[in-house]
Amino acid sequence: MSQVRVRIAPSPTGEPHVGTAYIALFNYAFAHREGGKFIFRSEDTDRERSTTANEDAILRSLKWLGLQWDEGPDVGGPHAPYRQSERAAIYKTHADALIESGKAYYCFCSAERLAQIRDEQAKNKQAIMYDGFCRGIDPAEARRRVQAGEPRVIRLAVDRSGETCFEDKLRGRIAIRNEGVDDQVLLKSDGFPTYHLASVVDDRLMGVTHVIRAEEWISSTPKHVLLYNAFGWTPPMFVHMPLLRNQDKSKISKRRNPTSLDFYRNEGYLPEAMLNFLALMGYSMPDGREVFPLSEFIAGFSLDRVSTSGPVFDLQKLEWINGEYIRRLDTDELATRICNGFTKRIGVPDEAFKKAVALIRERIRKLSEFDDMTAFMFGGVEDYDPALLIQKKTTKDDTIAMLKDSAELIAGAADFTPAATEAAFRGMAERAGAKPGNLFMVLRIAVTGRKVSTPLFETMELIGQEECGRRISVALGKLAGA
RNA sequence: GCCCCUAUCGUCUAGCCCGGUCCAGGACACCGGAUUCUCAUUCCGGUAACAUGGGUUCAAAUCCCAUUAGGGGUGCCA
């Protein structure tokens, strides 16, 4: 069998979409598992909406994820160009060939007329399709009108008898009666091809063996098969992946879910976690493992294990996986990643910063949480309600006494390592007949300004002996004024 | 309306192809508990599903049919 060649063929008409990453991942895994090639092709035939900025963003996002392609608009390849807008002549030639062979015809119908017949068909509860009005025009006549410069498109002449079927690798044989297949527009009036023509021609010319794409394409696949037939080509294998869903099960959309890959990158999801999560959408490991790197996903990948029902994109599970990956990173690596866009405090991690990272590594699930969670370590303490200092079953005076003792202890401490401070404060609590936990909470509030923080004594060491003393004084001041 | 796809815990899924080992397993989330200076991590435990109805069979989550539900398509968008 010939070498496997697959492609991701996004349309640069919007932000880099999570669905694109999802399909790219499965194409990538399949290509790598089979020792084949993974191609990136830009489907920018919608001249109204396509932009190079979008294309750049998609390329950048997939690279961020680590899904590098073997051939593409930026790296070239044996079938360049990989941007459809640069291949317009190829599609025109192919469309013309179909006209010549009678497999396609010119259509001069106006948009208004098309809208009108659609309305009529809807009203009569009929299938909505082109009525074939221009199909009967004499070819010579049609050629004259074309030469006269009349606006027109080229449509596929579908033989309405019989049925068209194809093999979907995941779903088996899918058949549809030809009377339900429309005379699809192949070449638009602006001279550019529609998706249907362009993708069929390119998949063929680029030697694509497996078309792994989203489920939404199933209903137009018969048109593609008919096109392959019209050209006298053998269709590739089709693999229709399930569609990612919103919580309400509808196709994943911007309105109900963050869909931009930029969003996930900016929130501090790790690319490797993102891939792992996406892999879980529709795929399962034979041994049930849920956390696995891309290399392991590829190593055991098989289309047989892809499920067909549409998975709900569950942010909660993504966060969990992200947390798993964050905790698997060593501190230096985590620090480097945080410094790469997730903190305003420092450019390159120093020792103190790494200590802070070590303290939050088990507490964050997204890199973006870092700055807030460590605010009291690097900035000052935010304003807090002095009432927080007073613990249950204790009085304001108790608290003041505790803080004064604490200030003294801190000022006189010869050893400010966590073990030493903890021992000292435990001793202090014991002598005062107070619960250590209560004392610690008072200190926590005074030192961090929060009820929830990183471990107290490690945090104090990080903040520094002097600054801790200062913060205790501030707490005392607050109580005095309360 | 018409065409097509799908259907196991709230969510992701295993099992289904090759019926019995499944009064259905794992994970996330949730609820308890243990550890603990808070939070988190970690560790234990728990709640929770084969859409419905018919077949076939000694036996069905697994095979067949119907129904229902959800989704997608129905564009000179992709």
# chains A, B, ... in the order shown; residues from 1 in each chain; ligands from 1
>>> residues_around(residues="Glu267 (chain A)", least_positions_apart="3", cutoff="8 Å", atoms="only C-alpha atoms (C1' of nucleotides)", output="number ranges by chain")
A: 263-264, 366-368
>>> closest_atom_pairs(of="chain B", to="region 202-214 of chain A", cutoff="12 Å", atoms="only C-alpha atoms (C1' of nucleotides)", output="Markdown table")
| residue | atom | partner | partner_atom | distance |
| --- | --- | --- | --- | --- |
| B:C5 | C1' | A:Ala214 | CA | 11.5 |
| B:G72 | C1' | A:Ala214 | CA | 10.0 |
| B:A78 | C1' | A:Ala214 | CA | 11.3 |
>>> residues_around(residues="region 100-105 of chain A", least_positions_apart="4", cutoff="10 Å", atoms="only C-alpha atoms (C1' of nucleotides)", output="compact mmCIF listing (two decimals) with N, CA and C atoms, in the first residue's frame")
# COMPACT_ATOMS: atom_id res chain seq x y z
N HIS A 94 -9.78 22.17 -14.17
CA HIS A 94 -10.54 20.96 -13.86
C HIS A 94 -12.04 21.16 -14.07
N ALA A 95 -12.52 22.34 -13.72
CA ALA A 95 -13.94 22.62 -13.92
C ALA A 95 -14.24 22.63 -15.42
N ASP A 96 -13.35 23.24 -16.19
CA ASP A 96 -13.54 23.28 -17.64
C ASP A 96 -13.56 21.87 -18.23
N GLY A 132 -32.32 22.85 -11.64
CA GLY A 132 -31.78 22.38 -12.91
C GLY A 132 -32.14 23.25 -14.10
N CYS A 134 -30.76 25.70 -15.67
CA CYS A 134 -29.73 25.95 -16.69
C CYS A 134 -29.13 24.68 -17.28
N ARG A 135 -29.55 23.57 -16.73
CA ARG A 135 -28.94 22.33 -17.18
C ARG A 135 -29.33 21.99 -18.61
N GLY A 136 -30.51 22.52 -19.01
CA GLY A 136 -31.00 22.22 -20.35
C GLY A 136 -30.47 23.15 -21.43
N ILE A 137 -29.75 24.18 -21.02
CA ILE A 137 -29.25 25.12 -22.03
C ILE A 137 -28.26 24.42 -22.96
N ASP A 138 -28.42 24.70 -24.20
CA ASP A 138 -27.54 24.10 -25.21
C ASP A 138 -26.09 24.55 -24.96
N PRO A 139 -25.15 23.61 -24.95
CA PRO A 139 -23.76 23.94 -24.65
C PRO A 139 -23.19 25.06 -25.51
N ALA A 142 -24.62 28.22 -24.27
CA ALA A 142 -23.99 28.56 -22.99
C ALA A 142 -22.61 29.16 -23.23
N ARG A 152 -21.76 33.80 -14.34
CA ARG A 152 -22.21 32.40 -14.26
C ARG A 152 -21.36 31.62 -13.26
N VAL A 153 -21.88 30.47 -12.94
CA VAL A 153 -21.12 29.53 -12.11
C VAL A 153 -21.06 28.22 -12.88
N ILE A 154 -20.27 27.29 -12.37
CA ILE A 154 -20.28 25.96 -12.97
C ILE A 154 -20.85 25.00 -11.93
N ARG A 155 -21.82 24.23 -12.36
CA ARG A 155 -22.44 23.25 -11.46
C ARG A 155 -22.17 21.82 -11.90
N LEU A 156 -22.14 20.95 -10.94
CA LEU A 156 -21.99 19.53 -11.21
C LEU A 156 -23.32 18.99 -11.72
N ALA A 157 -23.28 18.24 -12.82
CA ALA A 157 -24.50 17.64 -13.36
C ALA A 157 -24.69 16.27 -12.73
N VAL A 158 -25.53 16.24 -11.69
CA VAL A 158 -25.72 14.99 -10.98
C VAL A 158 -26.75 14.11 -11.67
N ASP A 159 -26.38 12.88 -11.91
CA ASP A 159 -27.32 11.90 -12.47
C ASP A 159 -28.25 11.48 -11.34
N ASP A 183 -27.16 19.72 -7.50
CA ASP A 183 -26.18 20.09 -8.54
C ASP A 183 -25.27 21.16 -7.94
N GLN A 184 -24.32 20.68 -7.21
CA GLN A 184 -23.45 21.57 -6.43
C GLN A 184 -22.66 22.55 -7.29
N VAL A 185 -22.58 23.79 -6.81
CA VAL A 185 -21.73 24.77 -7.49
C VAL A 185 -20.27 24.35 -7.28
N LEU A 186 -19.52 24.32 -8.36
CA LEU A 186 -18.10 23.93 -8.27
C LEU A 186 -17.19 25.14 -8.41
N LEU A 226 -19.12 11.73 -6.17
CA LEU A 226 -19.58 11.94 -7.55
C LEU A 226 -18.54 12.72 -8.36
N LEU A 227 -17.90 13.65 -7.69
CA LEU A 227 -16.85 14.43 -8.35
C LEU A 227 -15.65 13.55 -8.71
N ASN A 229 -15.73 10.46 -9.24
CA ASN A 229 -16.18 9.64 -10.36
C ASN A 229 -16.15 10.41 -11.67
N ALA A 230 -16.62 11.64 -11.60
CA ALA A 230 -16.67 12.46 -12.82
C ALA A 230 -15.27 12.65 -13.41
N PHE A 231 -14.29 12.74 -12.54
CA PHE A 231 -12.91 12.90 -13.01
C PHE A 231 -12.27 11.56 -13.37
>>> closest_atom_pairs(of="chain B", to="chain A", cutoff="8 Å", atoms="only C-alpha atoms (C1' of nucleotides)", output="Markdown table")
| residue | atom | partner | partner_atom | distance |
| --- | --- | --- | --- | --- |
| B:G1 | C1' | A:Lys125 | CA | 4.2 |
| B:C2 | C1' | A:Ala127 | CA | 4.4 |
| B:C3 | C1' | A:Gly180 | CA | 6.6 |
| B:C4 | C1' | A:Ser219 | CA | 5.8 |
| B:C5 | C1' | A:Glu215 | CA | 7.7 |
| B:U6 | C1' | A:Ser309 | CA | 5.4 |
| B:A7 | C1' | A:Ser309 | CA | 7.8 |
| B:U11 | C1' | A:Asp314 | CA | 6.6 |
| B:C12 | C1' | A:Met281 | CA | 6.7 |
| B:U13 | C1' | A:Ser284 | CA | 7.0 |
| B:A14 | C1' | A:Gly288 | CA | 7.3 |
| B:G26 | C1' | A:Gly288 | CA | 6.5 |
| B:A27 | C1' | A:Glu290 | CA | 7.0 |
| B:C28 | C1' | A:Lys317 | CA | 5.1 |
| B:A29 | C1' | A:Gln316 | CA | 7.3 |
| B:C37 | C1' | A:Gly437 | CA | 5.3 |
| B:U38 | C1' | A:Val452 | CA | 5.0 |
| B:C39 | C1' | A:Val452 | CA | 5.1 |
| B:A40 | C1' | A:Arg363 | CA | 4.7 |
| B:U41 | C1' | A:Glu362 | CA | 5.6 |
| B:G70 | C1' | A:Lys249 | CA | 7.3 |
| B:G71 | C1' | A:Ser250 | CA | 6.5 |
| B:G72 | C1' | A:Glu216 | CA | 5.3 |
| B:G73 | C1' | A:Ser219 | CA | 5.4 |
| B:U74 | C1' | A:Ile128 | CA | 6.5 |
| B:C76 | C1' | A:Lys188 | CA | 4.6 |
| B:C77 | C1' | A:Asp46 | CA | 7.0 |
| B:A78 | C1' | A:Ser11 | CA | 6.2 |
>>> residues_around(residues="Phe26 (chain A)", least_positions_apart="2", cutoff="12 Å", atoms="only C-alpha atoms (C1' of nucleotides)", output="ChimeraX atom specification")
/A:6-8,19-24,28-33,38,67,210-214,239-242,275-276,278-283,294,297-298,301-303,305-306
>>> atom_distance(atom1="C1' of A24 (chain B)", atom2="C1' of A61 (chain B)")
7.6 Å
>>> atom_distance(atom1="CA of Val200 (chain A)", atom2="CA of Arg83 (chain A)")
14.4 Å
>>> select_by_dssp(residues="region 197-289 of chain A", states="alpha helix (DSSP H)", output="count of residues only")
37
>>> atom_distance(atom1="CA of Glu163 (chain A)", atom2="CA of Pro222 (chain A)")
9.0 Å
>>> residues_around(residues="C17 (chain B)", least_positions_apart="4", cutoff="12 Å", atoms="only C-alpha atoms (C1' of nucleotides)", output="PyMOL selection string")
(chain A and resi 172+304) or (chain B and resi 62-63)
>>> residues_around(residues="U68 (chain B)", least_positions_apart="4", cutoff="12 Å", atoms="only C-alpha atoms (C1' of nucleotides)", output="JSON, numbers by chain")
{"B": [7, 51, 52, 53]}
>>> write_last_selection(atoms="C-alpha atoms (C1' of nucleotides)", output="PDB file, in the first residue's frame")
ATOM      1  C1'   A B   7     -27.641   6.933  21.449  1.00  0.00           C
ATOM      2  C1'   A B  51     -33.217   5.911  25.817  1.00  0.00           C
ATOM      3  C1'   U B  52     -38.138   3.134  24.959  1.00  0.00           C
ATOM      4  C1'   G B  53     -40.864  -0.884  22.773  1.00  0.00           C
TER       5        G B  53
END
